[in-house]
Structure formats: C-alpha cells, structure tokens
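Below is protein_8.cif, holding mmCIF, C-alpha atoms and all ligand atoms.
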data_run
#
loop_
_atom_site.label_atom_id
_atom_site.label_comp_id
_atom_site.auth_asym_id
_atom_site.auth_seq_id
_atom_site.Cartn_x
_atom_site.Cartn_y
_atom_site.Cartn_z
CA MET A 132 0.00 0.00 0.00
CA GLN A 133 2.80 2.32 0.93
CA SER A 134 4.55 1.84 -2.41
CA SER A 135 1.44 2.84 -4.43
CA ILE A 136 0.59 5.88 -2.30
CA GLY A 137 4.19 7.09 -2.11
CA PRO A 138 4.69 8.21 -5.74
CA TRP A 139 1.13 9.62 -5.95
CA PHE A 140 1.67 11.58 -2.75
CA LYS A 141 5.05 12.86 -3.93
CA LYS A 142 3.61 13.98 -7.28
CA GLY A 143 0.76 15.76 -5.49
CA ILE A 144 3.16 17.61 -3.23
CA GLN A 145 5.27 18.62 -6.24
CA ASP A 146 2.16 19.93 -8.05
CA ILE A 147 1.12 21.97 -5.00
CA LEU A 148 4.63 23.36 -4.58
CA SER A 149 4.86 24.28 -8.26
CA CYS A 150 1.61 26.27 -7.91
CA LEU A 151 2.77 28.00 -4.74
CA TYR A 152 6.35 28.50 -5.94
CA PRO A 153 6.36 28.36 -9.74
CA ARG A 154 9.73 27.70 -11.31
CA CYS A 155 10.82 30.88 -13.01
CA CYS A 156 13.46 31.63 -15.61
CA GLN A 157 16.57 33.14 -14.01
CA GLY A 158 17.09 35.27 -17.08
CA CYS A 159 13.70 36.96 -17.54
CA GLY A 160 11.53 35.76 -14.65
CA ARG A 161 8.97 34.06 -16.89
CA LYS A 162 7.38 30.88 -15.58
CA LEU A 163 9.27 27.89 -16.92
CA LEU A 164 7.52 25.38 -19.14
CA PRO A 165 7.75 21.63 -18.49
CA GLY A 166 11.15 20.44 -19.65
CA GLU A 167 12.80 23.84 -19.24
CA ARG A 168 15.51 24.06 -16.61
CA LEU A 169 16.66 27.32 -14.98
CA LEU A 170 16.24 29.24 -18.26
CA CYS A 171 13.35 29.61 -20.67
CA GLY A 172 13.97 28.76 -24.30
CA ASP A 173 14.39 32.39 -25.30
CA CYS A 174 17.02 33.08 -22.63
CA PHE A 175 18.83 29.81 -23.34
CA ARG A 176 19.19 30.84 -26.97
CA GLN A 177 20.87 34.06 -25.81
CA ILE A 178 23.83 32.19 -24.30
CA PRO A 179 26.85 33.28 -26.38
CA PHE A 180 28.50 29.88 -26.76
CA SER A 181 32.11 30.10 -27.94
CA ARG A 182 31.99 26.79 -29.83
CA ASN A 183 35.77 26.86 -30.23
CA GLU A 184 36.83 24.09 -27.85
CA THR A 185 38.65 22.23 -30.62
CA ASP A 186 40.42 25.32 -31.94
CA PRO A 187 43.94 25.32 -30.41
CA CYS A 188 44.26 29.02 -31.29
CA ASN A 189 41.00 30.24 -29.79
CA PRO A 190 41.28 33.62 -27.98
CA LEU A 191 41.69 32.18 -24.47
CA ALA A 192 44.14 29.49 -25.61
CA SER A 193 46.24 32.10 -27.41
CA ILE A 194 46.46 34.25 -24.28
CA MET A 195 47.35 31.39 -21.97
CA LYS A 196 49.72 29.52 -24.28
CA ALA A 197 51.71 32.72 -24.68
CA ARG A 198 52.36 32.72 -20.96
CA ILE A 199 52.55 29.10 -19.89
CA PRO A 200 53.19 25.68 -21.48
CA ILE A 201 49.69 24.26 -21.28
CA GLN A 202 48.07 21.78 -23.63
CA GLU A 203 44.66 23.30 -24.30
CA ALA A 204 42.46 26.11 -23.02
CA ALA A 205 38.92 27.17 -23.86
CA ALA A 206 35.82 28.80 -22.41
CA LEU A 207 32.24 27.63 -22.87
CA CYS A 208 30.92 31.12 -23.61
CA ARG A 209 31.77 34.76 -23.99
CA PHE A 210 31.23 36.76 -20.82
CA THR A 211 28.97 39.74 -21.42
CA GLN A 212 27.86 42.30 -18.84
CA GLN A 213 24.18 41.90 -17.92
CA GLY A 214 24.06 38.73 -20.02
CA VAL A 215 22.27 35.59 -19.01
CA VAL A 216 25.53 33.78 -18.19
CA GLN A 217 26.51 36.58 -15.83
CA THR A 218 23.10 36.20 -14.16
CA LEU A 219 23.61 32.46 -13.68
CA LEU A 220 27.15 32.92 -12.35
CA HIS A 221 26.05 35.70 -10.01
CA GLY A 222 23.32 33.48 -8.59
CA LEU A 223 25.82 30.66 -8.19
CA LYS A 224 28.39 32.79 -6.37
CA TYR A 225 26.25 35.12 -4.30
CA ARG A 226 22.72 33.68 -3.97
CA LYS A 227 23.43 30.05 -3.06
CA GLN A 228 21.97 28.82 -6.34
CA LYS A 229 24.13 25.72 -6.45
CA GLY A 230 22.05 24.20 -9.25
CA ASN A 231 23.47 26.85 -11.56
CA GLY A 232 26.90 25.28 -11.12
CA TYR A 233 25.71 21.83 -12.18
CA PHE A 234 23.73 23.38 -15.03
CA LEU A 235 26.71 25.30 -16.41
CA GLY A 236 29.03 22.34 -15.82
CA ASP A 237 26.60 20.04 -17.58
CA MET A 238 26.67 22.30 -20.66
CA ALA A 239 30.47 22.43 -20.49
CA GLY A 240 30.71 18.65 -20.27
CA ARG A 241 28.43 18.29 -23.29
CA ALA A 242 30.66 20.71 -25.22
CA LEU A 243 33.84 18.84 -24.28
CA ARG A 244 32.68 15.28 -24.84
CA THR A 245 33.38 15.68 -28.53
CA ALA A 246 36.50 17.86 -28.07
CA SER A 247 39.20 15.22 -28.32
CA PRO A 248 42.10 17.22 -26.77
CA PHE A 249 40.15 17.64 -23.55
CA LEU A 250 38.99 14.03 -23.42
CA GLN A 251 42.58 12.93 -22.81
CA VAL A 252 42.73 14.48 -19.34
CA ASP A 253 43.04 12.22 -16.29
CA TYR A 254 41.77 14.52 -13.54
CA LEU A 255 39.55 17.56 -13.13
CA VAL A 256 40.92 20.13 -10.68
CA PRO A 257 38.58 22.94 -9.59
CA VAL A 258 40.24 26.27 -8.80
CA PRO A 259 40.25 26.29 -4.97
CA LEU A 260 38.58 28.93 -2.85
CA HIS A 261 40.13 30.77 0.03
CA PRO A 262 39.20 28.75 3.18
CA GLU A 263 37.32 31.68 4.71
CA LYS A 264 35.34 32.23 1.53
CA LEU A 265 34.60 28.50 1.31
CA GLN A 266 33.28 28.53 4.86
CA LYS A 267 31.16 31.62 4.21
CA ARG A 268 29.72 30.42 0.87
CA GLY A 269 29.44 26.79 1.94
CA TYR A 270 30.67 25.38 -1.35
CA ASN A 271 33.22 25.91 -4.09
CA GLN A 272 31.39 26.94 -7.25
CA SER A 273 34.19 25.59 -9.46
CA LEU A 274 33.77 22.17 -7.83
CA LEU A 275 30.04 22.19 -8.66
CA ILE A 276 30.90 23.08 -12.26
CA ALA A 277 33.45 20.24 -12.38
CA GLN A 278 30.84 17.82 -11.02
CA GLY A 279 28.39 18.91 -13.71
CA MET A 280 31.08 18.45 -16.37
CA ASN A 281 31.95 15.04 -15.05
CA ARG A 282 28.52 13.66 -15.87
CA HIS A 283 29.83 13.55 -19.42
CA LEU A 284 33.60 13.25 -18.97
CA GLN A 285 33.69 10.49 -16.31
CA LYS A 286 37.07 11.50 -14.84
CA GLU A 287 38.24 11.76 -11.25
CA ILE A 288 37.83 15.13 -9.52
CA CYS A 289 40.72 16.22 -7.26
CA GLU A 290 39.39 18.90 -4.96
CA ASP A 291 42.26 18.69 -2.46
CA LEU A 292 45.23 18.62 -4.83
CA LEU A 293 45.44 22.38 -5.18
CA LEU A 294 44.94 24.64 -2.17
CA LYS A 295 44.64 28.34 -1.57
CA SER A 296 46.51 29.78 1.36
CA GLU A 297 45.23 32.01 4.12
CA ASN A 298 46.02 35.37 2.62
CA ARG A 299 43.90 37.91 4.45
CA GLN A 300 44.60 40.89 2.23
CA SER A 301 41.54 41.95 0.27
CA GLN A 302 42.17 41.68 -3.47
CA THR A 303 39.64 44.40 -4.20
CA ARG A 304 41.93 46.98 -2.61
CA LYS A 305 44.79 46.24 -4.93
CA ASN A 306 45.63 47.36 -8.39
CA ARG A 307 46.02 44.91 -11.22
CA VAL A 308 49.75 44.35 -10.73
CA SER A 309 49.32 43.74 -7.03
CA ARG A 310 46.57 41.24 -7.66
CA TRP A 311 48.92 39.31 -9.90
CA GLU A 312 51.56 39.27 -7.20
CA ASN A 313 49.01 38.21 -4.64
CA ALA A 314 47.82 35.37 -6.84
CA SER A 315 51.40 34.22 -7.26
CA GLU A 316 51.65 33.67 -3.52
CA SER A 317 48.32 32.17 -2.67
CA PHE A 318 48.07 28.78 -4.43
CA PHE A 319 50.07 25.67 -3.62
CA LEU A 320 50.03 21.92 -4.10
CA ASN A 321 48.76 19.83 -1.21
CA PRO A 322 51.89 18.14 0.18
CA ASP A 323 49.83 15.13 1.31
CA CYS A 324 48.79 14.47 -2.29
CA LEU A 325 52.38 14.52 -3.45
CA GLN A 326 53.54 11.78 -1.09
CA THR A 327 52.73 9.12 -3.69
CA GLU A 328 53.44 8.91 -7.40
CA ARG A 329 49.73 8.65 -8.14
CA PHE A 330 49.64 12.08 -9.77
CA HIS A 331 52.91 11.78 -11.67
CA HIS A 332 52.73 11.85 -15.49
CA LYS A 333 49.05 12.77 -15.50
CA HIS A 334 47.02 15.33 -17.46
CA PHE A 335 45.06 17.77 -15.28
CA LEU A 336 42.13 19.90 -16.41
CA LEU A 337 41.86 23.03 -14.28
CA VAL A 338 38.23 24.20 -14.02
CA ASP A 339 37.16 27.77 -13.25
CA ASP A 340 33.96 29.81 -13.45
CA VAL A 341 35.14 33.06 -15.07
CA VAL A 342 38.60 33.90 -16.35
CA THR A 343 39.40 37.60 -16.61
CA THR A 344 43.09 38.58 -16.48
CA GLY A 345 44.12 34.94 -16.31
CA ALA A 346 46.38 35.57 -13.33
CA THR A 347 44.65 33.07 -11.05
CA SER A 348 44.35 30.30 -13.61
CA ILE A 349 47.93 30.73 -14.78
CA ARG A 350 49.22 30.57 -11.23
CA CYS A 351 47.20 27.40 -10.60
CA CYS A 352 48.54 25.86 -13.81
CA GLN A 353 52.08 26.71 -12.76
CA GLU A 354 51.58 24.79 -9.53
CA LEU A 355 50.14 21.74 -11.31
CA LEU A 356 53.06 21.79 -13.74
CA LYS A 357 55.41 21.28 -10.78
CA ILE A 358 54.13 17.69 -10.52
CA PRO A 359 56.64 15.41 -12.28
CA GLY A 360 55.65 14.67 -15.86
CA SER A 361 52.35 16.54 -15.59
CA LYS A 362 50.37 18.10 -18.43
CA VAL A 363 47.78 20.79 -17.80
CA SER A 364 44.77 22.11 -19.69
CA PHE A 365 42.27 24.75 -18.66
CA PHE A 366 38.55 25.26 -19.09
CA ALA A 367 36.35 28.10 -17.85
CA ILE A 368 32.65 28.75 -18.18
CA ALA A 369 33.08 32.31 -19.40
CA HIS A 370 35.77 34.56 -20.83
CA PRO A 371 35.33 38.19 -21.95
CA GLU A 372 37.02 37.70 -25.32
ZN ZN B 401 13.85 33.70 -19.82
#
Show this structure as structure tokens.
Ligand SMILES: [Zn+2]
Amino acid sequence: MQSSIGPWFKKGIQDILSCLYPRCCQGCGRKLLPGERLLCGDCFRQIPFSRNETDPCNPLASIMKARIPIQEAAALCRFTQQGVVQTLLHGLKYRKQKGNGYFLGDMAGRALRTASPFLQVDYLVPVPLHPEKLQKRGYNQSLLIAQGMNRHLQKEICEDLLLKSENRQSQTRKNRVSRWENASESFFLNPDCLQTERFHHKHFLLVDDVVTTGATSIRCCQELLKIPGSKVSFFAIAHPE
C-alpha cells in the first residue's frame, strides 16, 4: 500500500509546490515550461557559446599559451555584462543557487565530450577557494561546475590537490599588478597528495567559473606543472574575449 501511495503523494506535493512557488526563468523571470531548466527557451538561446573548444588558437588558448606551457584552453561562452551567463554565475556565487553550477558544468561537459584534446585528461581540478570564503559560501562553485562536467567526462575530480593559502589581504583593494603578485603567492600543491606517485605523469584539467586577467588560472597551472611529468589544460565557463 505504501509503495502505491508514495509516488502519488510525492507527485501531489510537487504539483502543490509548483503552484505556490512556480519555477521561473533566471534570465527573464517568466514561468518555466515543463522540460525547461533554470532558463526559458528564449534566454537559453541568448547564451553566447564560444563553440571553439577544438580550436587550439581560440582567444583564451592564445592568451594562456603565450604565458605558460599548457596543452589546451577554452571557455564555454563569452562573458557579457548583464548577459544571461553573468546572471547564472552571479546566482551561483552570491545567492546560493548551487544548481546553476551543475547546469553550467553540464553544458560544459556536453561541449567537451566531442572535443578530443580535452577528453585525454586524467583529472579535473577545480580552482580552490580561500578557506574563509569557502566557509562563508558553503561550497566551491568551481567544484560544482566540475561535477556537472563530469557527468559527461567520467574523470576523477581532485578537490584537495590544489589549495589556496590564508592570505587575508583583500584583493579588491589592490591594483592589477598587485593582484597578480598576490595570486602568485596564494596557491600551492597539497603536500599530502604529493607523497605518492599517483599524480605523476598525468594530465590535469583546471576548471574555473570566469577567467578575466588569467592571473589566477595561470598561477594554478604553474603549480600543477610542478608535478613530475604533468600536463595541464584549462577550461572556464566564461571569458570576456
Ligand atoms: Zn527567460
């Protein structure tokens, strides 16, 4: 009896909740139709997908390869002010909308599952958060993105391999040069992870939400490249090309 009432009861509760709290598009606020997730069809079509994951000379790859010996780099979309991707990322970072991370990561994973250079990676490494920020936010948005990506890539996620140190200086108070210097001091490899040879001669895919100057991602890549025989690639959700 319980098994037949259970699903009916659950469906009824979901119907009541959807009437009381209709699912709305994060882009325009319109009520979502069945089958739509986070964004309505119109807003989804506004996402400025880069579609250049297989181009080794795409804008982000050109910037990063000029500075550091990485394998590949790409971003899922162009970052535009007031755009729908900015709205999703803002909700993810500042309004506890964790589902946005899986959603964006899921799209990234779909884009990469046919991008052969990225399929050769062994591990996904989310850009770490400062411990205080992690405690305050409750989650690392780059980890959620990596988890969404991994639905399609089926790799191992290393969330403890790369760490961010306790640097209490606010980055917002610094100029661009200072931020670079700060970034150069704040990331390091977890010594516990380096005790074994498990990570030697592996290909790491660093995962970030937005890449702007590239200082943070480059510094993280530099750390990963210290692992013997390592190769590193980079993927971000958005890049202001
Ligand atoms: Zn919409």
What's around stretch 262-278 of chain A at 8 Å? Count all atoms listed in the file, leave out sequence neighbours fewer than 4 positions away in its own chain, and write the answer as an mmCIF file with C-alpha atoms, in the coordinates of the input.
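See part.cif below for the written result:
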data_model
loop_
_atom_site.group_PDB
_atom_site.id
_atom_site.type_symbol
_atom_site.label_atom_id
_atom_site.label_comp_id
_atom_site.auth_asym_id
_atom_site.auth_seq_id
_atom_site.Cartn_x
_atom_site.Cartn_y
_atom_site.Cartn_z
ATOM 1 C CA LEU A 223 25.820 30.660 -8.190
ATOM 2 C CA LYS A 224 28.390 32.790 -6.370
ATOM 3 C CA TYR A 225 26.250 35.120 -4.300
ATOM 4 C CA LYS A 227 23.430 30.050 -3.060
ATOM 5 C CA LYS A 229 24.130 25.720 -6.450
ATOM 6 C CA GLY A 232 26.900 25.280 -11.120
ATOM 7 C CA TYR A 233 25.710 21.830 -12.180
ATOM 8 C CA PHE A 234 23.730 23.380 -15.030
ATOM 9 C CA LEU A 235 26.710 25.300 -16.410
ATOM 10 C CA GLY A 236 29.030 22.340 -15.820
ATOM 11 C CA ASP A 237 26.600 20.040 -17.580
ATOM 12 C CA LEU A 255 39.550 17.560 -13.130
ATOM 13 C CA VAL A 256 40.920 20.130 -10.680
ATOM 14 C CA PRO A 257 38.580 22.940 -9.590
ATOM 15 C CA VAL A 258 40.240 26.270 -8.800
ATOM 16 C CA ARG A 282 28.520 13.660 -15.870
ATOM 17 C CA ILE A 288 37.830 15.130 -9.520
ATOM 18 C CA GLU A 290 39.390 18.900 -4.960
ATOM 19 C CA LYS A 295 44.640 28.340 -1.570
ATOM 20 C CA SER A 296 46.510 29.780 1.360
ATOM 21 C CA GLU A 297 45.230 32.010 4.120
ATOM 22 C CA VAL A 338 38.230 24.200 -14.020
ATOM 23 C CA ASP A 339 37.160 27.770 -13.250
ATOM 24 C CA ASP A 340 33.960 29.810 -13.450
#
field: Distance query stretch 169-179 of chain A at most 12 Å, all atoms listed in the file, self and fewer than 6 positions along chain excluded, as an NGL selection string
entry: :A and (153-163 or 206-219 or 222-223 or 228-235 or 238 or 368-372)
Size and centre in Å, one decimal, axis-aligned box, all listed stretch 341-358 of chain A atoms plus 8 Å per side, as JSON:
{"center_x": 45.3, "center_y": 28.1, "center_z": -13.1, "size_x": 36.3, "size_y": 36.9, "size_z": 23.1}
query: At what distance in Å, to one decimal, does atom CA of A:Ala239 lie from atom CA of A:Met280?
result: 5.8 Å
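Distances to A:Ala246 were evaluated for A:Ile199, A:Ala346, A:Ala205, A:Leu356 using only C-alpha atoms, and the minimum falls at A:Ala205.
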Separation of atom CA of A:Ala204 from atom CA of A:Thr327, in Å and rounded to one decimal: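 Atom CA of A:Thr327 lies 27.7 Å from atom CA of A:Ala204.
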- request: Grab the atom CA of A:Phe365 to atom CA of A:Leu337 distance for me, in Å with one decimal place.
  value: 4.7 Å
Using all atoms listed in the file: which of A:Ile201, A:Glu328, A:Leu336, A:Pro322 has the shortest distance to A:Cys289: A:Leu336
message: When you count all atoms listed in the file, which of these residues is closest to A:Ser193: A:Gly345, A:Ser247, A:Pro359, A:Phe330?
response: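 Using all atoms listed in the file, the shortest distance to A:Ser193 belongs to A:Gly345.
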List the neighbours of A:His331 out to 10 Å using all atoms listed in the file; skip same-chain residues closer than 3 positions along the sequence, and give me the result as a PDB file with C-alpha atoms, keeping the file's coordinate frame.
ATOM      1  CA  LEU A 325      52.380  14.520  -3.450  1.00  0.00           C
ATOM      2  CA  THR A 327      52.730   9.120  -3.690  1.00  0.00           C
ATOM      3  CA  GLU A 328      53.440   8.910  -7.400  1.00  0.00           C
ATOM      4  CA  HIS A 334      47.020  15.330 -17.460  1.00  0.00           C
ATOM      5  CA  LYS A 357      55.410  21.280 -10.780  1.00  0.00           C
ATOM      6  CA  ILE A 358      54.130  17.690 -10.520  1.00  0.00           C
ATOM      7  CA  PRO A 359      56.640  15.410 -12.280  1.00  0.00           C
ATOM      8  CA  GLY A 360      55.650  14.670 -15.860  1.00  0.00           C
ATOM      9  CA  SER A 361      52.350  16.540 -15.590  1.00  0.00           C
ATOM     10  CA  LYS A 362      50.370  18.100 -18.430  1.00  0.00           C
TER      11      LYS A 362
END
